[in-house]
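So this one's data.cif, mmCIF, C-alpha atoms:
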```cif
data_data
loop_
_atom_site.label_atom_id
_atom_site.label_comp_id
_atom_site.auth_asym_id
_atom_site.auth_seq_id
_atom_site.Cartn_x
_atom_site.Cartn_y
_atom_site.Cartn_z
CA MET A 1 0.00 0.00 0.00
CA GLY A 2 2.85 2.44 0.64
CA VAL A 3 2.86 5.60 2.74
CA HIS A 4 -0.47 7.42 3.05
CA GLY A 5 -2.19 9.85 5.40
CA GLY A 6 -5.54 9.42 7.12
CA LYS A 7 -7.43 11.86 4.86
CA PHE A 8 -9.92 9.22 3.67
CA ALA A 9 -10.49 7.38 6.96
CA VAL A 10 -14.09 6.23 7.44
CA VAL A 11 -15.91 3.74 9.66
CA ASN A 12 -19.12 2.35 8.20
CA ASN A 13 -22.37 3.86 9.54
CA GLN A 14 -20.50 6.18 11.91
CA ALA A 15 -21.06 9.89 11.28
CA SER A 16 -18.48 12.57 12.17
CA MET A 17 -15.75 9.96 12.75
CA ARG A 18 -12.45 11.48 13.88
CA SER A 19 -10.11 8.50 13.90
CA TRP A 20 -10.08 4.73 14.24
CA THR A 21 -7.57 2.15 15.44
CA ILE A 22 -7.14 -1.61 15.22
CA ASN A 23 -4.91 -3.97 17.22
CA ASP A 24 -4.51 -7.34 15.50
CA VAL A 25 -2.50 -9.87 17.52
CA PHE A 26 -1.64 -13.54 17.97
CA ALA A 27 -0.79 -14.98 21.39
CA ASN A 28 1.84 -17.34 20.02
CA PRO A 29 2.72 -20.25 22.34
CA LYS A 30 6.43 -20.74 22.90
CA ALA A 31 8.59 -23.73 23.77
CA VAL A 32 12.09 -24.40 25.04
CA ALA A 33 13.14 -28.03 24.98
CA SER A 34 16.18 -30.27 24.92
CA ASN A 35 16.46 -29.87 21.16
CA THR A 36 16.07 -26.08 20.83
CA LYS A 37 19.60 -25.22 22.05
CA SER A 38 18.19 -22.90 24.76
CA GLY A 39 16.31 -20.88 22.16
CA HIS A 40 12.58 -20.29 21.98
CA ALA A 41 10.40 -21.86 19.32
CA ARG A 42 7.00 -20.35 18.59
CA ARG A 43 3.90 -21.57 16.81
CA GLN A 44 0.88 -19.62 15.64
CA GLY A 45 -1.50 -19.24 18.57
CA ILE A 46 -4.86 -17.71 19.45
CA HIS A 47 -5.92 -14.74 17.35
CA SER A 48 -7.77 -11.71 18.70
CA TRP A 49 -8.37 -8.15 17.64
CA THR A 50 -9.58 -5.00 19.31
CA GLY A 51 -10.08 -1.40 18.30
CA SER A 52 -11.73 1.94 18.85
CA PHE A 53 -13.09 4.92 16.99
CA MET A 54 -13.62 8.52 18.04
CA GLN A 55 -16.56 10.66 16.92
CA TYR A 56 -18.11 14.05 17.45
CA GLY A 57 -21.65 13.65 18.72
CA THR A 58 -23.87 12.96 21.71
CA VAL A 59 -25.50 9.56 21.14
CA PRO A 60 -23.42 6.51 20.11
CA THR A 61 -24.97 4.37 17.40
CA VAL A 62 -23.65 1.17 19.01
CA LEU A 63 -23.56 0.63 22.76
CA PRO A 64 -21.78 -1.65 25.25
CA GLY A 65 -22.65 -5.31 24.83
CA GLU A 66 -24.00 -4.80 21.30
CA LYS A 67 -22.49 -6.55 18.28
CA PHE A 68 -22.04 -4.73 14.98
CA THR A 69 -20.15 -5.04 11.71
CA PHE A 70 -17.00 -2.95 11.87
CA THR A 71 -15.55 -1.80 8.57
CA GLY A 72 -12.66 0.64 8.72
CA PHE A 73 -11.44 2.13 5.46
CA THR A 74 -7.83 3.32 5.30
CA CYS A 75 -7.14 5.12 2.03
CA PRO A 76 -7.40 4.75 -1.75
CA THR A 77 -4.27 3.35 -3.34
CA ASP A 78 -3.91 6.46 -5.50
CA ASP A 79 -4.82 8.91 -2.69
CA VAL A 80 -7.67 10.18 -4.88
CA SER A 81 -10.59 7.85 -5.49
CA ALA A 82 -9.46 4.32 -6.28
CA THR A 83 -10.06 1.23 -4.19
CA GLY A 84 -8.15 0.90 -0.95
CA GLU A 85 -7.64 -1.47 1.94
CA HIS A 86 -10.32 -1.89 4.57
CA TYR A 87 -10.55 -4.01 7.71
CA THR A 88 -13.86 -5.65 8.54
CA GLY A 89 -15.37 -8.12 10.99
CA THR A 90 -18.03 -8.62 13.62
CA ALA A 91 -17.22 -6.71 16.81
CA ILE A 92 -18.80 -6.19 20.23
CA VAL A 93 -18.71 -2.88 22.09
CA ASP A 94 -16.76 -3.00 25.36
CA SER A 95 -17.26 0.61 26.41
CA ILE A 96 -18.13 4.13 25.35
CA ALA A 97 -16.65 7.25 26.93
CA MET A 98 -18.48 10.56 26.47
CA ALA A 99 -16.55 13.77 27.24
CA TRP A 100 -17.57 17.27 28.33
CA ASP A 101 -14.96 20.05 28.65
CA TRP A 102 -16.28 23.37 29.90
CA LYS A 103 -12.80 24.77 30.40
CA SER A 104 -11.99 24.71 26.68
CA GLY A 105 -15.56 24.68 25.36
CA ALA A 106 -14.67 21.62 23.28
CA ILE A 107 -17.20 19.99 20.97
CA LEU A 108 -18.98 17.05 22.58
CA SER A 109 -17.42 13.78 21.50
CA TYR A 110 -17.10 10.16 22.49
CA THR A 111 -14.91 7.12 22.02
CA THR A 112 -16.21 3.63 21.29
CA ASN A 113 -13.96 0.74 22.33
CA PHE A 114 -14.66 -2.72 20.94
CA SER A 115 -13.30 -6.25 20.63
CA GLY A 116 -13.52 -8.48 17.58
CA HIS A 117 -15.81 -11.49 17.58
CA LEU A 118 -13.93 -14.22 15.68
CA GLY A 119 -12.07 -13.26 12.51
CA LEU A 120 -10.86 -10.01 10.95
CA THR A 121 -10.74 -9.64 7.16
CA LYS A 122 -8.41 -7.32 5.21
CA ALA A 123 -9.28 -6.65 1.57
CA LEU A 124 -9.56 -3.96 -1.10
CA HIS A 125 -12.81 -2.01 -1.41
CA ALA A 126 -14.10 1.08 -3.15
CA VAL A 127 -13.79 4.35 -1.22
CA TYR A 128 -16.34 4.78 1.56
CA THR A 129 -17.92 8.16 2.32
CA ASP A 130 -19.66 9.70 5.33
CA SER A 131 -22.98 11.17 4.17
CA GLY A 132 -24.11 12.17 7.65
CA THR A 133 -25.02 15.78 8.42
CA PRO A 134 -22.31 17.50 10.52
CA ILE A 135 -23.88 18.43 13.87
CA PHE A 136 -21.31 19.72 16.34
CA LEU A 137 -22.49 20.74 19.81
CA PRO A 138 -20.10 22.57 22.17
CA SER A 139 -19.71 21.78 25.86
CA THR A 140 -20.49 25.44 26.57
CA GLY A 141 -24.08 25.77 27.80
CA THR A 142 -24.44 22.15 28.92
CA LYS A 143 -24.70 21.11 32.55
CA ILE A 144 -25.04 18.29 35.05
CA THR A 145 -27.99 18.16 37.42
CA TYR A 146 -28.47 15.89 40.41
CA ASP A 147 -30.31 15.13 43.69
CA ALA A 148 -33.28 12.89 44.53
CA SER A 149 -35.10 14.14 41.41
CA GLY A 150 -32.01 14.96 39.33
CA ASP A 151 -32.87 18.66 38.98
CA VAL A 152 -30.30 20.63 41.03
CA THR A 153 -27.61 22.24 38.83
CA TRP A 154 -24.04 21.30 39.71
CA ALA A 155 -21.97 24.50 39.76
CA ASN A 156 -18.40 25.31 38.70
CA LEU A 157 -17.74 22.29 36.48
CA VAL A 158 -14.49 21.94 34.53
CA GLN A 159 -14.68 18.53 32.86
CA ALA A 160 -16.73 15.34 32.97
CA THR A 161 -16.41 11.86 31.50
CA LEU A 162 -19.25 9.37 31.39
CA THR A 163 -18.05 5.81 30.78
CA ILE A 164 -20.47 2.97 30.15
CA ASN A 165 -19.01 -0.50 29.83
CA ALA A 166 -20.00 -4.12 29.43
CA ALA A 167 -17.90 -6.84 31.07
CA ASN A 168 -18.01 -8.94 27.91
CA VAL A 169 -16.91 -12.55 28.08
CA ASN A 170 -14.16 -13.98 25.84
CA TYR A 171 -14.08 -17.59 24.74
CA VAL A 172 -11.95 -19.89 22.59
CA ASN A 173 -12.86 -23.50 21.92
CA SER A 174 -12.49 -26.27 19.37
CA SER A 175 -15.12 -24.66 17.14
CA THR A 176 -13.55 -21.19 16.88
CA ALA A 177 -10.55 -22.37 14.83
CA GLY A 178 -8.06 -20.38 16.91
CA GLU A 179 -10.17 -17.21 16.87
CA THR A 180 -11.48 -15.42 19.97
CA GLY A 181 -15.25 -15.21 20.37
CA ARG A 182 -17.09 -12.65 22.50
CA SER A 183 -20.38 -12.68 24.37
CA ALA A 184 -22.18 -9.76 26.02
CA GLY A 185 -21.65 -9.21 29.74
CA PRO A 186 -23.17 -7.08 32.53
CA ILE A 187 -23.50 -3.30 32.24
CA ASP A 188 -21.81 -0.73 34.47
CA TRP A 189 -21.10 3.00 34.34
CA THR A 190 -18.93 5.61 36.02
CA LEU A 191 -19.06 9.39 35.98
CA ALA A 192 -15.95 11.45 36.81
CA VAL A 193 -16.71 15.15 37.37
CA THR A 194 -13.98 17.73 37.92
CA GLU A 195 -15.16 20.88 39.70
CA GLU A 196 -13.55 24.11 40.87
CA ASN A 197 -14.64 23.78 44.46
CA GLU A 198 -12.58 22.77 47.47
CA ALA A 199 -15.46 22.67 49.94
CA PRO A 200 -17.32 19.42 50.66
CA HIS A 201 -20.84 19.12 49.30
CA THR A 202 -23.84 18.66 51.53
CA VAL A 203 -25.58 16.39 48.98
CA VAL A 204 -22.97 14.91 46.59
CA ILE A 205 -21.04 13.28 49.42
CA PRO A 206 -19.24 9.92 49.50
CA GLY A 207 -21.80 7.16 49.87
CA ALA A 208 -24.75 9.23 48.69
CA ILE A 209 -27.07 7.67 46.10
CA LEU A 210 -28.61 10.17 43.67
CA LYS A 211 -30.18 10.66 40.27
CA PHE A 212 -28.00 12.37 37.66
CA LYS A 213 -28.75 14.06 34.34
CA VAL A 214 -25.81 14.89 32.08
CA TRP A 215 -27.04 17.36 29.47
CA VAL A 216 -25.94 17.60 25.84
CA ASP A 217 -28.05 20.66 24.94
CA ASP A 218 -30.96 22.64 26.38
CA THR A 219 -33.45 19.78 26.24
CA ASN A 220 -31.65 16.43 25.95
CA PHE A 221 -29.61 14.55 28.53
CA TRP A 222 -28.24 11.22 29.70
CA ALA A 223 -30.48 10.08 32.56
CA LEU A 224 -28.60 7.97 35.11
CA ASN A 225 -30.61 6.44 37.95
CA TYR A 226 -28.95 5.81 40.28
CA GLY A 227 -25.36 6.80 40.98
CA ARG A 228 -23.51 6.24 44.24
CA VAL A 229 -20.75 8.71 45.06
CA ALA A 230 -17.52 6.75 45.50
CA GLY A 231 -15.49 9.71 46.77
CA TYR A 232 -13.17 12.54 45.73
CA SER A 233 -9.73 12.47 44.15
CA ASN A 234 -7.01 14.91 43.05
CA LEU A 235 -7.85 17.71 45.46
CA LYS A 236 -4.78 19.85 44.80
CA VAL A 237 -3.89 23.15 46.46
CA ASP A 238 -0.93 24.84 44.75
CA ARG A 239 0.67 27.74 46.62
CA GLU A 240 3.33 28.33 43.97
CA THR A 241 1.01 28.93 40.99
CA GLN A 242 -2.08 29.84 43.05
CA ALA A 243 -4.14 27.85 40.56
CA ILE A 244 -7.86 27.53 41.15
CA ILE A 245 -8.49 24.70 43.60
CA GLN A 246 -10.35 21.78 42.09
CA LYS A 247 -11.14 18.14 42.71
CA THR A 248 -12.72 15.20 40.89
CA VAL A 249 -15.89 13.55 42.15
CA ASN A 250 -16.20 9.88 41.22
CA ILE A 251 -19.65 8.32 40.86
CA GLU A 252 -20.54 4.69 40.14
CA MET A 253 -23.63 2.94 38.83
CA ALA A 254 -26.13 1.83 41.48
CA GLY A 255 -28.83 0.23 39.35
CA TYR A 256 -31.10 -0.23 42.34
CA ALA A 257 -31.62 2.34 45.11
CA ASP A 258 -31.15 1.33 48.73
CA ALA A 259 -34.89 0.65 49.04
CA GLY A 260 -34.70 -1.63 46.00
CA THR A 261 -36.15 0.89 43.55
CA ALA A 262 -35.06 0.00 40.02
CA GLY A 263 -32.86 2.48 38.15
CA LEU A 264 -32.31 3.25 34.49
CA ILE A 265 -30.02 4.55 31.77
CA THR A 266 -31.71 6.70 29.14
CA LEU A 267 -29.92 8.14 26.11
CA PRO A 268 -30.39 11.79 25.12
CA GLY A 269 -33.69 12.26 23.29
CA ALA A 270 -34.62 8.59 23.57
CA GLY A 271 -38.26 7.60 23.98
CA SER A 272 -37.43 4.59 26.13
CA ASN A 273 -34.74 3.43 28.52
CA TRP A 274 -31.66 1.75 27.10
CA TRP A 275 -31.21 -0.12 30.39
CA ASP A 276 -33.63 -0.45 33.26
CA GLY A 277 -33.74 -2.54 36.38
#
```
Turn this file's structure into structure tokens for me.
Amino acid sequence: MGVHGGKFAVVNNQASMRSWTINDVFANPKAVASNTKSGHARRQGIHSWTGSFMQYGTVPTVLPGEKFTFTGFTCPTDDVSATGEHYTGTAIVDSIAMAWDWKSGAILSYTTNFSGHLGLTKALHAVYTDSGTPIFLPSTGTKITYDASGDVTWANLVQATLTINAANVNYVNSSTAGETGRSAGPIDWTLAVTEENEAPHTVVIPGAILKFKVWVDDTNFWALNYGRVAGYSNLKVDRETQAIIQKTVNIEMAGYADAGTAGLITLPGAGSNWWDG
């Protein structure tokens, strides 16, 4: 293929894609024996592949535990419009990480991490295109709300990352022909919120269980019922630079409230819950 840039990079059915990566590896078994003269011999072992792609946007099209066909196009061989190499295979989503950055006002974006289910194919294909409408929403003007009803605005936020993951199960057996299979596992989420505030909260305190809404615009939000506050980290007070004091509040999924009330995860603008207890 030669040396090429990422100008034509596309992932099928993924609008506003920023970049994609693939890791394609063999866990080759090794042997040292009386007839290898203290050197290692290796044979082809179990194959597995993983990857990720980054996008601008607010609602992932594939979510943790879901399988999809991944097709990543690299570049045309002539760097204009000819066919080029693409990588394709069935994959399962391990996690998504959605980012807000009020400090820089960055455009809302997310990363999808996945693992391959069985084989990965590399072949030539005609150039792919992204026909999606560019919709770029800035972090500026968004917010996080919380409390028993999820409606108190959290002040002085710097950054936030919402991570939803599935503890997917890997398997290899006599029917997979040396490939690694994947099966969906249980769902979990974490929310890390950095705030410019050194004082302890009276509501968002370690151990508290609350409803959270993480907004992507004036009307749409991620609804997260419930989250339990795990604690604070990185409270730093810097005399030398006199930087604004901040800390990170770490929150974890609590799918059922202490009284046994079932929780939920609802995507922005969705008419139904993506997960509910």
> Just so the selection is clear, what residues does the PyMOL selection byres ((chain A and resi 4-13) around 9) cover here, as JSON, numbers by chain?
Replying inline: {"A": [1, 2, 3, 14, 15, 17, 18, 19, 20, 53, 61, 69, 70, 71, 72, 73, 74, 75, 76, 77, 79, 80, 127, 128, 129, 130, 132]}
Would you mind listing, for every residue of region 10-95 of chain A within 10 Å of region 210-220 of chain A, the two atoms forming the shortest contact and the distance between them in Å to one decimal, using only C-alpha atoms, sorted by chain and ascending residue number, as CSV?
```
residue,atom,partner,partner_atom,distance
A:Gly57,CA,A:Val216,CA,9.2
A:Thr58,CA,A:Val216,CA,6.5
A:Val59,CA,A:Val216,CA,9.3
```
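In this structure, CA of Ala199 (chain A) sits 12.6 Å away from CA of Ile244 (chain A).
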>> Would you compute the distance between CA of Asn225 (chain A) and CA of Ile205 (chain A)? Give it in Å to one decimal.
In response: 16.4 Å
>> Give me, as a PyMOL selection string, all polymer residues having an atom no more than 6 Å from Ile245 (chain A), counting only C-alpha atoms and skipping those fewer than 2 positions away in the same chain.
In response: chain A and resi 196+198+237
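CA of Ala177 (chain A) to CA of Ala123 (chain A) spans 20.6 Å [interatomic distance, one decimal].
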>> Residue by residue, what does the PyMOL selection byres ((chain A and resi 255-272) around 8) grab here? Present the result as a ChimeraX atom specification.
In response: /A:58-59,209,215-216,220-227,253-254,273-277
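The smallest atom-to-atom distance between Met54 (chain A) and any of A:Ala148, A:Leu120, A:Val204, A:Leu108, using all atoms listed in the file, is found for A:Leu108.
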